[in-house]
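J.: Got model.txt for you, compact mmCIF, C-alpha atoms:
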# COMPACT_ATOMS: atom_id res chain seq x y z
CA MET A 1367 11.70 -30.49 -3.61
CA LYS A 1368 8.59 -29.19 -1.87
CA ASN A 1369 9.18 -26.67 0.87
CA MET A 1370 7.36 -26.28 4.15
CA VAL A 1371 7.52 -22.96 5.99
CA ILE A 1372 7.17 -22.84 9.76
CA GLN A 1373 6.40 -19.44 11.21
CA VAL A 1374 6.99 -19.58 14.96
CA ARG A 1375 6.47 -16.77 17.46
CA THR A 1376 7.04 -18.37 20.84
CA GLY A 1377 10.34 -18.07 22.68
CA THR A 1378 12.35 -21.05 23.82
CA MET A 1379 11.55 -22.11 27.41
CA MET A 1380 8.16 -20.33 27.43
CA ASN A 1381 6.29 -23.54 26.67
CA MET A 1382 6.69 -26.49 24.28
CA ASP A 1383 6.06 -24.55 21.04
CA THR A 1384 9.70 -24.45 19.98
CA ASN A 1385 10.10 -28.14 20.91
CA VAL A 1386 7.16 -28.91 18.63
CA THR A 1387 8.72 -26.70 15.95
CA VAL A 1388 12.00 -28.61 15.88
CA LYS A 1389 10.25 -32.00 16.01
CA LEU A 1390 7.96 -31.02 13.13
CA ALA A 1391 10.94 -29.73 11.15
CA GLN A 1392 12.85 -32.94 11.81
CA ALA A 1393 9.92 -35.10 10.68
CA ALA A 1394 9.50 -33.10 7.48
CA LEU A 1395 13.23 -33.24 6.70
CA ASP A 1396 13.18 -37.02 7.27
CA LYS A 1397 10.37 -37.29 4.71
CA GLY A 1398 12.43 -35.38 2.14
CA TYR A 1399 10.80 -31.95 2.37
CA GLY A 1400 12.70 -28.71 2.44
CA VAL A 1401 12.05 -26.89 5.70
CA ARG A 1402 12.40 -23.18 6.36
CA ILE A 1403 11.72 -21.75 9.80
CA PHE A 1404 11.07 -18.05 10.32
CA GLY A 1405 11.26 -16.87 13.93
CA TYR A 1406 9.22 -13.78 14.70
CA GLY A 1407 8.67 -11.96 18.00
CA GLU A 1408 9.89 -13.97 21.00
CA ALA A 1409 10.89 -16.87 18.71
CA VAL A 1410 14.11 -15.08 17.81
CA THR A 1411 15.58 -16.80 20.88
CA LEU A 1412 15.51 -20.03 18.85
CA ILE A 1413 18.81 -19.09 17.15
CA LYS A 1414 20.57 -17.67 20.22
CA ASN A 1415 23.91 -19.38 20.66
CA GLY A 1416 24.83 -20.86 24.02
CA GLN A 1417 21.40 -22.10 25.13
CA ASP A 1418 21.91 -24.37 28.12
CA PRO A 1419 18.60 -25.40 29.72
CA LYS A 1420 18.82 -27.76 32.67
CA ARG A 1421 16.65 -30.89 32.43
CA PHE A 1422 14.74 -29.61 29.38
CA PRO A 1423 15.44 -30.34 25.71
CA ASN A 1424 17.95 -27.94 24.15
CA VAL A 1425 16.20 -26.63 21.03
CA GLY A 1426 19.28 -24.62 20.09
CA LYS A 1427 21.34 -27.81 19.95
CA GLU A 1428 18.60 -29.65 18.03
CA THR A 1429 18.34 -26.76 15.57
CA LYS A 1430 22.10 -26.79 15.03
CA GLU A 1431 22.00 -30.51 14.21
CA MET A 1432 19.25 -30.00 11.63
CA LEU A 1433 21.19 -27.29 9.78
CA ALA A 1434 23.45 -30.02 8.44
CA LYS A 1435 20.37 -31.79 7.04
CA GLY A 1436 19.28 -28.75 5.03
CA LEU A 1437 17.14 -26.79 7.48
CA GLU A 1438 17.14 -23.06 6.79
CA ILE A 1439 16.33 -20.81 9.71
CA VAL A 1440 16.00 -17.04 9.76
CA VAL A 1441 14.72 -14.74 12.49
CA CYS A 1442 13.46 -11.17 12.37
CA GLU A 1443 16.18 -8.56 12.84
CA THR A 1444 13.82 -5.89 14.20
CA CYS A 1445 12.55 -8.37 16.81
CA CYS A 1446 16.17 -9.24 17.71
CA LYS A 1447 17.14 -5.60 18.16
CA ALA A 1448 14.11 -5.01 20.36
CA ARG A 1449 15.27 -7.83 22.61
CA GLY A 1450 18.95 -6.93 22.65
CA ILE A 1451 20.06 -9.85 20.47
CA HIS A 1452 22.72 -8.83 17.98
CA ARG A 1453 24.46 -10.32 14.96
CA GLY A 1454 27.27 -12.60 16.12
CA GLU A 1455 25.13 -14.06 18.91
CA GLU A 1456 23.30 -16.45 16.58
CA ILE A 1457 24.03 -20.15 16.11
CA GLU A 1458 26.44 -20.55 13.21
CA GLY A 1459 24.48 -21.29 10.02
CA THR A 1460 21.33 -19.49 11.14
CA LYS A 1461 20.55 -15.95 10.02
CA ILE A 1462 19.23 -12.74 11.50
CA GLY A 1463 17.23 -11.48 8.53
CA SER A 1464 13.94 -9.82 7.69
CA LEU A 1465 10.30 -10.28 6.75
CA THR A 1466 10.81 -8.46 3.49
CA ASN A 1467 13.86 -10.36 2.26
CA ASP A 1468 13.51 -13.75 3.89
CA LEU A 1469 9.95 -14.59 4.98
CA SER A 1470 8.69 -13.33 1.60
CA ARG A 1471 11.17 -15.66 -0.16
CA PHE A 1472 10.09 -18.56 2.04
CA VAL A 1473 6.44 -17.88 1.16
CA ALA A 1474 7.14 -17.42 -2.56
CA GLU A 1475 9.08 -20.71 -2.69
CA GLY A 1476 6.90 -22.64 -0.24
CA GLU A 1477 4.01 -25.05 -0.64
CA ARG A 1478 2.63 -25.02 2.89
CA MET A 1479 2.95 -22.82 5.95
CA VAL A 1480 2.48 -23.94 9.52
CA THR A 1481 2.08 -21.26 12.19
CA ILE A 1482 3.15 -22.14 15.73
CA ALA A 1483 2.06 -19.53 18.28
CA ARG A 1484 -0.54 -18.96 20.98
CA MET B 28 4.86 -21.97 -4.94
CA ALA B 29 2.64 -19.54 -3.09
CA LYS B 30 1.49 -16.40 -4.87
CA SER B 31 -0.89 -15.23 -2.17
CA LEU B 32 -0.79 -15.04 1.61
CA LEU B 33 -3.66 -14.31 3.97
CA ILE B 34 -2.85 -12.79 7.35
CA LEU B 35 -5.56 -14.04 9.69
CA VAL B 36 -5.66 -11.71 12.71
CA THR B 37 -7.38 -13.11 15.79
CA LYS B 38 -5.79 -10.93 18.50
CA PRO B 39 -7.01 -7.47 19.56
CA PRO B 40 -4.86 -4.37 19.19
CA TYR B 41 -2.49 -3.24 22.00
CA GLY B 42 -2.88 -6.08 24.51
CA PHE B 43 -0.67 -8.26 22.32
CA GLU B 44 2.07 -7.66 19.76
CA GLU B 45 0.42 -10.12 17.35
CA ALA B 46 -1.98 -7.93 15.35
CA PHE B 47 0.59 -5.21 14.67
CA ALA B 48 3.21 -7.84 13.82
CA GLY B 49 0.85 -9.68 11.49
CA LEU B 50 -0.15 -6.58 9.58
CA ARG B 51 3.53 -5.62 9.26
CA ALA B 52 4.27 -9.14 7.98
CA GLY B 53 1.63 -8.68 5.29
CA LEU B 54 3.13 -5.33 4.37
CA GLY B 55 6.60 -6.90 4.18
CA MET B 56 5.32 -9.49 1.68
CA LEU B 57 3.97 -6.78 -0.62
CA ALA B 58 7.00 -4.51 -0.22
CA SER B 59 9.29 -7.40 -1.18
CA GLY B 60 7.69 -7.83 -4.60
CA GLN B 61 8.06 -11.62 -4.14
CA VAL B 62 4.49 -12.29 -2.98
CA PRO B 63 2.01 -10.58 -5.33
CA VAL B 64 -1.04 -10.84 -3.06
CA SER B 65 -1.11 -10.39 0.71
CA ASN B 66 -4.44 -9.61 2.34
CA ALA B 67 -5.67 -9.53 5.92
CA LEU B 68 -8.76 -11.08 7.49
CA LEU B 69 -9.75 -9.80 10.94
CA VAL B 70 -11.80 -12.26 12.99
CA GLY B 71 -12.90 -12.54 16.61
CA GLU B 72 -11.16 -9.93 18.78
CA GLY B 73 -8.95 -9.21 15.76
CA THR B 74 -11.88 -7.23 14.32
CA LEU B 75 -11.17 -4.52 16.92
CA ASN B 76 -8.10 -3.57 14.88
CA ALA B 77 -10.50 -2.03 12.33
CA VAL B 78 -12.23 0.30 14.80
CA ALA B 79 -11.64 3.94 13.84
CA ALA B 80 -11.72 5.35 17.39
CA GLN B 81 -8.42 3.82 18.53
CA LYS B 82 -6.21 6.22 20.50
CA PRO B 83 -2.81 4.49 20.75
CA GLU B 84 -1.18 7.73 21.89
CA ALA B 85 -2.97 7.27 25.23
CA ILE B 86 -0.73 4.28 25.98
CA LYS B 87 2.23 5.42 23.86
CA MET B 88 2.06 2.38 21.59
CA PRO B 89 2.49 2.17 17.80
CA SER B 90 -0.78 2.70 15.95
CA ASN B 91 -2.68 -0.31 14.64
CA ILE B 92 -4.73 2.16 12.57
CA GLU B 93 -1.51 2.97 10.72
CA ALA B 94 -0.70 -0.72 10.40
CA VAL B 95 -4.11 -1.29 8.75
CA THR B 96 -3.92 1.75 6.47
CA ASP B 97 -0.28 1.07 5.51
CA ILE B 98 -1.10 -2.39 4.17
CA MET B 99 -4.13 -1.02 2.30
CA ASP B 100 -1.84 1.63 0.76
CA PHE B 101 -0.04 -1.33 -0.85
CA GLU B 102 -3.40 -2.43 -2.31
CA ALA B 103 -4.03 -5.19 0.21
CA LYS B 104 -7.63 -5.89 1.15
CA VAL B 105 -8.48 -5.88 4.83
CA TYR B 106 -11.60 -7.93 5.53
CA VAL B 107 -13.52 -7.69 8.81
CA VAL B 108 -16.04 -10.33 9.91
CA ARG B 109 -19.21 -8.38 10.67
CA GLU B 110 -20.78 -10.86 13.12
CA ASP B 111 -17.65 -10.96 15.28
CA LEU B 112 -17.29 -7.18 15.38
CA GLN B 113 -20.95 -6.60 16.18
CA HIS B 114 -20.88 -9.21 18.93
CA LEU B 115 -18.04 -7.28 20.61
CA VAL B 116 -18.88 -3.60 20.05
CA GLY B 117 -21.99 -3.31 17.86
CA ASP B 118 -22.08 -0.85 14.98
CA VAL B 119 -19.12 1.50 15.29
CA PRO B 120 -17.24 3.58 12.71
CA LEU B 121 -14.43 1.66 11.04
CA ILE B 122 -11.18 2.65 9.36
CA GLU B 123 -11.99 3.83 5.85
CA GLY B 124 -11.33 1.17 3.21
CA VAL B 125 -11.79 -2.00 5.26
CA GLU B 126 -14.40 -4.42 3.93
CA LEU B 127 -17.11 -5.87 6.18
CA ILE B 128 -17.97 -9.44 5.26
CA ASP B 129 -19.94 -12.34 6.75
CA TRP B 130 -18.47 -15.72 7.74
CA GLU B 131 -19.60 -17.36 4.50
CA LYS B 132 -17.51 -14.86 2.54
CA ALA B 133 -14.66 -15.20 5.08
CA ARG B 134 -14.46 -18.94 4.40
CA GLN B 135 -14.29 -18.16 0.69
CA VAL B 136 -11.49 -15.61 1.27
CA ILE B 137 -9.50 -18.19 3.24
CA ALA B 138 -9.92 -20.77 0.49
CA GLU B 139 -8.82 -18.32 -2.22
CA HIS B 140 -5.33 -17.82 -0.77
CA ASP B 141 -2.40 -20.20 -1.29
CA MET B 142 -1.18 -19.80 2.29
CA VAL B 143 -2.75 -18.63 5.53
CA THR B 144 -0.89 -17.63 8.67
CA THR B 145 -2.44 -16.65 11.98
CA PHE B 146 -1.59 -13.79 14.30
Taking this structure as input, can you express it in the form of structure tokens?

T.:
Amino acid sequence: MKNMVIQVRTGTMMNMDTNVTVKLAQAALDKGYGVRIFGYGEAVTLIKNGQDPKRFPNVGKETKEMLAKGLEIVVCETCCKARGIHRGEEIEGTKIGSLTNDLSRFVAEGERMVTIAR
Amino acid sequence: MAKSLLILVTKPPYGFEEAFAGLRAGLGMLASGQVPVSNALLVGEGTLNAVAAQKPEAIKMPSNIEAVTDIMDFEAKVYVVREDLQHLVGDVPLIEGVELIDWEKARQVIAEHDMVTTF
């Protein structure tokens, strides 16, 4: 299986970047690709459990649904700590990890990388 | 399977987290041992990350000079597009070890890497 890596750096609710991220991931999964998302900087909010936006799409919920379809999602631990997000606050099945252990593996095993940021 | 990653830095130092984060991402690839080649290409306002006269202590921020030299310590190449730098600040002293290139060479550098990610 070919793997696509999405590196995203925008937080949920800042703009539509994370909405685009989950839609792109969904489309790639539907076409049979492996999809790995690495959240860096503000994008660590993507895996925060308990997201409850009013009137806007819930990317946390959409992410959770895609985990069952094989999506792998890891966010940067240093970025989490800087923002006061700690292990245990993440959506079950997602991971607070690192550039060195996780993004490097995604790159080494990936065919394409898409960067979503501004 | 990607064996090389290019960190394309478009953001200036200090106003944004991006340049520091990107250079640290490149360093993380090399430190992991899983990605053999990880280089950086500084374009547009990103070229300002190569200027030697940065004084991050004035604003109590982490040093982008260190971020550039740290990745070069791991044998990464840091390319700087000459035209973009000169358009912004003219001829100024740069961090030792960075490589000034023109856009023709920059396009070649981009094409030589398996993956490119932008900061």

J.: Could you tell me which residues of chain B sit within 7 Å of chain A when counting all atoms listed in the file, and give me the result as a list in words?

T.: Met28, Ala29, Lys30, Ala52, Gly55, Met56, Ala58, Ser59, Gln61, Val62, Met142, Thr144 and Thr145 of chain B

J.: Have a look at B:Gly117, B:Gly124, B:Gly49, B:Pro40 and name the one nearest to Glu102 (chain B); count all atoms listed in the file.

T.: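 For Glu102 (chain B), the nearest of the candidates is B:Gly124.
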
J.: Between CA of Ser65 (chain B) and CA of Val78 (chain B), what is the distance, to one decimal in Å?

T.: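 Computed distance, CA of Ser65 (chain B) to CA of Val78 (chain B), equals 20.9 Å.
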
J.: Find, counting all atoms listed in the file, the residue in A:Thr1429, A:Asn1424, A:Ile1413, A:Glu1438 that gets nearest to Ile1457 (chain A).

T.: A:Ile1413

J.: Which residues, written as a list in words, have at least one atom at most 10 Å from Glu110 (chain B), with only C-alpha atoms counted and residues fewer than 6 positions away on the same chain left out?

T.: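 Residues meeting the cut-off are Val70, Gly71, Thr74, Gly117, Leu127, Ile128, Asp129 and Trp130 of chain B.
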
J.: Find the distance between CA of Val105 (chain B) and CA of Leu69 (chain B) and write it in Å to one decimal.

T.: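 Distance between the two atoms: 7.4 Å.
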
J.: Could you name the residues that touch Leu68 (chain B) at 9 Å or less, counting all atoms listed in the file, but leaving out those on the same chain fewer than 4 positions away, as a list in words?

T.: Leu33, Ile34, Leu35, Val36, Thr37, Gly73, Thr74, Lys104, Val105, Tyr106, Val107, Val108, Ala133, Val136 and Ile137 of chain B

J.: Pick from A:Ile1403, A:Val1388, A:Ala1394, A:Ile1462: nearest to Lys1427 (chain A), with only C-alpha atoms counted?

T.: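 Among the listed residues, the smallest separation from Lys1427 (chain A) belongs to A:Val1388.
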
J.: Would you compute the distance between CA of Glu1455 (chain A) and CA of Asn1415 (chain A)? Give it in Å to one decimal.

T.: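 Computing it gives 5.7 Å between the two atoms.
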
J.: Counting only C-alpha atoms, find residues at most 12 Å from (6.3, -12.9, 20.0) (file frame) and give them as JSON, numbers by chain.

T.: {"A": [1373, 1374, 1375, 1376, 1377, 1378, 1380, 1383, 1404, 1405, 1406, 1407, 1408, 1409, 1410, 1411, 1412, 1441, 1442, 1444, 1445, 1446, 1448, 1449, 1482, 1483, 1484], "B": [43, 44, 45, 46, 47, 48, 49, 146]}

J.: Give me, as a PyMOL selection string, all polymer residues having an atom no more than 8 Å from region 93-96 of chain B, counting all atoms listed in the file and skipping those fewer than 6 positions away in the same chain.

T.: chain B and resi 47+50-51+76-77+105+122
